[in-house]
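Raw contents of structure33.csv, CSV, C-alpha atoms:
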```
chain,number,residue,atom,x,y,z
A,82,MET,CA,-6.1,8.2,-9.1
A,83,ILE,CA,-9.9,8.1,-9.6
A,84,GLN,CA,-12.3,6.3,-7.3
A,85,TYR,CA,-15.3,4.4,-8.8
A,86,HIS,CA,-18.3,3.1,-6.9
A,87,ALA,CA,-20.6,1.9,-9.8
A,88,ALA,CA,-19.6,-1.1,-11.8
A,89,GLY,CA,-20.8,0.5,-15.1
A,90,ASP,CA,-18.6,3.6,-14.6
A,91,TRP,CA,-15.7,1.4,-13.6
A,92,ALA,CA,-15.9,-0.9,-16.6
A,93,ARG,CA,-16.2,2.0,-19.0
A,94,ALA,CA,-13.3,3.9,-17.5
A,95,LEU,CA,-11.0,0.9,-17.8
A,96,ILE,CA,-11.6,0.5,-21.5
A,97,ASP,CA,-9.5,3.6,-22.3
A,98,LEU,CA,-6.5,2.6,-20.1
A,99,PRO,CA,-3.3,1.6,-21.8
A,100,ARG,CA,-2.7,-2.2,-22.0
A,101,PRO,CA,-1.7,-4.5,-20.6
A,102,LEU,CA,-3.9,-3.8,-17.6
A,103,GLY,CA,-3.0,-5.3,-14.2
A,104,ILE,CA,-5.4,-5.6,-11.3
A,105,VAL,CA,-5.0,-6.1,-7.5
A,106,LEU,CA,-8.1,-7.3,-5.7
A,107,THR,CA,-8.2,-6.4,-2.0
A,108,MET,CA,-10.5,-6.3,1.0
A,109,GLY,CA,-8.8,-3.1,2.1
A,110,ALA,CA,-6.7,-2.7,5.2
A,111,ILE,CA,-3.9,-2.1,2.7
A,112,HIS,CA,-0.5,-3.3,3.9
A,113,ALA,CA,3.0,-3.9,2.5
A,114,GLY,CA,1.9,-7.2,0.9
A,115,HIS,CA,-0.7,-5.4,-1.2
A,116,ILE,CA,1.9,-2.7,-2.2
A,117,ARG,CA,4.3,-5.4,-3.3
A,118,LEU,CA,1.5,-6.8,-5.6
A,119,ILE,CA,1.0,-3.3,-7.0
A,120,GLU,CA,4.7,-2.8,-7.6
A,121,GLU,CA,5.0,-6.1,-9.4
A,122,ALA,CA,2.0,-5.2,-11.5
A,123,LYS,CA,3.5,-1.8,-12.3
A,124,ASP,CA,6.7,-3.5,-13.5
A,125,GLU,CA,4.8,-5.6,-16.0
A,126,CYS,CA,1.8,-3.6,-17.0
A,127,SER,CA,1.1,-0.2,-18.6
A,128,SER,CA,-1.8,0.4,-16.2
A,129,VAL,CA,-2.6,-0.9,-12.8
A,130,VAL,CA,-5.9,-0.7,-10.9
A,131,ALA,CA,-7.2,-2.0,-7.6
A,132,THR,CA,-10.4,-2.9,-5.8
A,133,ILE,CA,-11.5,-2.6,-2.2
A,134,PHE,CA,-14.4,-4.8,-1.3
A,135,VAL,CA,-15.0,-6.7,2.0
A,136,ASN,CA,-16.8,-9.7,0.5
A,137,PRO,CA,-19.5,-11.0,2.9
A,138,LYS,CA,-20.0,-14.2,0.9
A,139,GLN,CA,-16.5,-15.5,1.9
A,140,PHE,CA,-17.1,-15.1,5.6
A,141,GLY,CA,-18.6,-18.0,7.6
A,142,VAL,CA,-20.9,-17.9,10.6
A,143,GLY,CA,-19.1,-16.5,13.6
A,144,GLU,CA,-16.2,-15.1,11.6
A,145,ASP,CA,-15.0,-11.5,11.7
A,146,LEU,CA,-17.1,-9.8,9.0
A,147,ASN,CA,-18.4,-7.1,11.3
A,148,ASN,CA,-15.0,-6.4,12.8
A,149,TYR,CA,-12.9,-6.7,9.7
A,150,PRO,CA,-10.7,-3.6,9.5
A,151,ARG,CA,-12.1,-0.9,7.1
A,152,PRO,CA,-9.7,2.1,7.2
A,153,ILE,CA,-11.0,3.4,3.9
A,154,SER,CA,-9.4,6.8,3.9
A,155,ALA,CA,-6.0,5.4,4.8
A,156,ASP,CA,-6.4,2.8,2.2
A,157,ILE,CA,-7.2,5.3,-0.5
A,158,ASN,CA,-4.1,7.3,0.4
A,159,LEU,CA,-1.9,4.3,0.3
A,160,LEU,CA,-3.2,3.2,-3.1
A,161,GLU,CA,-2.8,6.7,-4.4
A,162,GLN,CA,0.8,6.9,-3.2
A,163,SER,CA,1.5,3.5,-4.7
A,164,GLY,CA,0.6,4.9,-8.1
A,165,VAL,CA,-2.5,2.9,-9.1
A,166,ASP,CA,-4.5,4.5,-11.9
A,167,ALA,CA,-8.0,3.8,-10.5
A,168,VAL,CA,-9.7,2.1,-7.6
A,169,PHE,CA,-13.1,0.4,-7.4
A,170,CYS,CA,-14.9,0.7,-4.0
A,171,PRO,CA,-18.3,-0.8,-4.5
A,172,SER,CA,-21.0,-1.3,-1.9
A,173,VAL,CA,-22.3,-4.8,-1.1
A,174,ASP,CA,-25.6,-3.9,-2.9
A,175,GLU,CA,-23.5,-2.9,-6.0
A,176,ILE,CA,-21.9,-6.4,-6.1
A,177,TYR,CA,-24.8,-8.4,-4.8
A,178,PRO,CA,-28.1,-6.6,-5.7
A,179,GLU,CA,-31.4,-7.9,-4.3
A,180,SER,CA,-31.9,-10.1,-7.4
A,181,PHE,CA,-28.5,-11.8,-7.1
A,182,SER,CA,-28.8,-15.6,-6.9
A,183,THR,CA,-25.8,-17.1,-8.6
A,184,SER,CA,-22.7,-18.7,-6.9
A,185,ILE,CA,-19.6,-20.5,-8.2
A,186,LYS,CA,-18.9,-23.8,-6.4
A,187,PRO,CA,-15.3,-24.7,-7.3
A,188,GLY,CA,-13.9,-28.2,-7.4
A,189,GLY,CA,-10.3,-29.4,-7.8
A,190,PRO,CA,-8.1,-27.7,-5.1
A,191,ALA,CA,-11.1,-26.2,-3.3
A,192,PHE,CA,-11.2,-29.2,-0.9
A,193,ARG,CA,-9.5,-30.0,2.4
A,194,PHE,CA,-7.3,-27.7,4.3
A,195,GLU,CA,-8.9,-24.3,4.7
A,196,ALA,CA,-12.1,-25.5,3.0
A,197,ASP,CA,-12.6,-28.0,5.9
A,198,GLN,CA,-12.4,-25.2,8.4
A,199,ARG,CA,-14.4,-22.6,6.5
A,200,PRO,CA,-17.2,-24.2,4.6
A,201,GLY,CA,-18.4,-22.1,1.6
A,202,HIS,CA,-15.4,-19.8,1.8
A,203,PHE,CA,-14.0,-20.6,-1.6
A,204,ASP,CA,-17.5,-20.4,-3.1
A,205,GLY,CA,-17.6,-16.8,-2.0
A,206,VAL,CA,-14.0,-16.0,-3.1
A,207,SER,CA,-14.5,-17.6,-6.5
A,208,THR,CA,-17.8,-15.8,-7.1
A,209,VAL,CA,-16.5,-12.3,-6.3
A,210,VAL,CA,-13.2,-12.8,-8.1
A,211,VAL,CA,-14.9,-13.8,-11.3
A,212,LYS,CA,-17.4,-11.0,-11.1
A,213,LEU,CA,-14.7,-8.4,-10.5
A,214,LEU,CA,-12.5,-9.7,-13.3
A,215,ASN,CA,-15.4,-9.8,-15.7
A,216,GLN,CA,-16.1,-6.2,-15.0
A,217,ALA,CA,-12.5,-5.0,-15.2
A,218,ARG,CA,-11.4,-7.3,-18.1
A,219,ALA,CA,-7.9,-7.0,-16.9
A,220,ASP,CA,-5.1,-8.8,-18.6
A,221,ARG,CA,-3.3,-9.9,-15.4
A,222,ALA,CA,-4.4,-10.3,-11.8
A,223,TYR,CA,-1.9,-10.3,-9.0
A,224,PHE,CA,-2.1,-12.5,-5.9
A,225,GLY,CA,0.3,-13.3,-3.0
A,226,ARG,CA,1.7,-16.7,-2.6
A,227,LYS,CA,0.8,-16.5,1.1
A,228,ASP,CA,-2.8,-17.6,0.3
A,229,ALA,CA,-1.6,-20.7,-1.6
A,230,GLN,CA,-4.8,-22.6,-1.6
A,231,GLN,CA,-6.8,-19.6,-2.7
A,232,VAL,CA,-4.4,-19.0,-5.6
A,233,ALA,CA,-4.8,-22.6,-6.7
A,234,VAL,CA,-8.6,-22.3,-6.5
A,235,ILE,CA,-8.7,-19.1,-8.5
A,236,LYS,CA,-6.4,-20.5,-11.2
A,237,HIS,CA,-8.6,-23.5,-11.5
A,238,VAL,CA,-11.8,-21.5,-11.6
A,239,LEU,CA,-10.5,-19.1,-14.2
A,240,SER,CA,-9.3,-21.9,-16.4
A,241,ASP,CA,-12.6,-23.9,-16.1
A,242,LEU,CA,-14.7,-20.8,-16.9
A,243,SER,CA,-12.4,-19.5,-19.6
A,244,VAL,CA,-11.9,-16.1,-17.9
A,245,PRO,CA,-9.2,-14.5,-20.1
A,246,THR,CA,-7.2,-13.0,-17.2
A,247,SER,CA,-3.8,-14.4,-16.3
A,248,VAL,CA,-2.9,-15.0,-12.7
A,249,VAL,CA,0.5,-13.7,-11.5
A,250,VAL,CA,1.7,-15.1,-8.2
A,251,VAL,CA,4.0,-12.9,-6.1
A,252,PRO,CA,6.3,-14.1,-3.3
A,253,THR,CA,4.9,-13.6,0.2
A,254,ALA,CA,5.7,-10.3,1.9
A,255,ARG,CA,7.0,-10.8,5.5
A,256,ASP,CA,7.8,-8.7,8.5
A,257,ARG,CA,11.3,-8.6,9.9
A,258,ASP,CA,10.6,-11.5,12.2
A,259,GLY,CA,9.4,-13.7,9.2
A,260,LEU,CA,5.7,-13.6,9.9
A,261,ALA,CA,3.7,-13.2,6.7
A,262,ILE,CA,2.0,-9.8,6.5
A,263,SER,CA,-1.7,-10.0,6.8
A,264,SER,CA,-4.6,-7.6,7.6
A,265,ARG,CA,-5.6,-10.0,10.5
A,266,ASN,CA,-2.2,-9.9,12.2
A,267,GLN,CA,-3.6,-7.1,14.4
A,268,TYR,CA,-5.7,-9.8,16.1
A,269,LEU,CA,-2.6,-11.6,17.4
A,270,SER,CA,-1.5,-11.2,21.0
A,271,ASP,CA,2.2,-11.0,21.6
A,272,SER,CA,2.2,-14.7,22.6
A,273,ASP,CA,0.2,-15.7,19.6
A,274,ARG,CA,2.6,-13.8,17.3
A,275,ALA,CA,5.6,-15.6,18.9
A,276,ARG,CA,4.0,-19.0,18.2
A,277,ALA,CA,3.0,-18.0,14.7
A,278,ILE,CA,6.6,-17.1,13.8
A,279,ASN,CA,7.6,-20.7,14.7
A,280,LEU,CA,5.6,-22.0,11.7
A,281,PHE,CA,7.7,-19.9,9.3
A,282,ARG,CA,10.9,-21.1,11.0
A,283,ALA,CA,9.8,-24.7,10.8
A,284,LEU,CA,9.0,-24.3,7.1
```
Starting from the file, give its structure as structure tokens.
Amino acid sequence: MIQYHAAGDWARALIDLPRPLGIVLTMGAIHAGHIRLIEEAKDECSSVVATIFVNPKQFGVGEDLNNYPRPISADINLLEQSGVDAVFCPSVDEIYPESFSTSIKPGGPAFRFEADQRPGHFDGVSTVVVKLLNQARADRAYFGRKDAQQVAVIKHVLSDLSVPTSVVVVPTARDRDGLAISSRNQYLSDSDRARAINLFRAL
């Protein structure tokens, strides 16, 4: 597995990979849910790549941007063990240089629910996803069903902007107790986790 930090190097390297090319976009803190996406991609694609980028534009005021887990060495090891062909680990300046001034403001499913609680969140998600997919020119992008509204927003944006990458939705990966696996589960106290499991049971 080769790591890339510059978008130009990354884009040029992917041109030579066998097609179809699958991609898994992550913010790091790699867990079993990400690995399931990679496994699904490997079943369907000749090449699979991943990205690690904690996107500041999808965090709101007072959210956990500064504290978001960034175990980069462990992440790289897990991605290498999973068999991805390459990983893109750009800096914030690489994705958003000083001159950057463009943002995608999605419509359609990007209203209500999470959007009400996190204003601007889906603007940031949409902007970085389109940018990363344009650089990679992947045939298929793999997302977990856990983030249902996000998946709907991304599908809508890619269709509206004619981005030629298909979205593949993979069933939610869960722990033994039924809780959906997430990088943020580490924030839960024992009592929080017990209450969170009730949501899965109710559904």
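The smallest atom-to-atom distance between A:Val210 and any of A:Leu280, A:Lys236, A:Ala229, A:Asn266, using all atoms listed in the file, is found for A:Lys236.
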- For atom CA of A:Asp166 and atom CA of A:Val130, determine how far apart the two atoms are, in Å to one decimal place.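 According to the coordinates, atom CA of A:Asp166 and atom CA of A:Val130 are separated by 5.5 Å.
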- Query: What's the 6 Å shell around A:Ile133, counting all atoms listed in the file, without same-chain residues fewer than 3 positions away, as a ChimeraX atom specification?
  - Reply: /A:107-109,170
- Query: Residues at most 12 Å from stretch 87-89 of chain A, counting all atoms listed in the file, excluding those fewer than 5 positions away in the same chain, as JSON, numbers by chain?
  - Reply: {"A": [94, 95, 96, 132, 168, 169, 170, 171, 172, 173, 174, 175, 176, 177, 178, 212, 213, 214, 215, 216, 217]}
- Task: Could you please determine the separation between atom CA of A:Ala261 and atom CA of A:Thr208 in Å, to one decimal place?
- Result: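 Here the two named atoms are 25.7 Å from each other.
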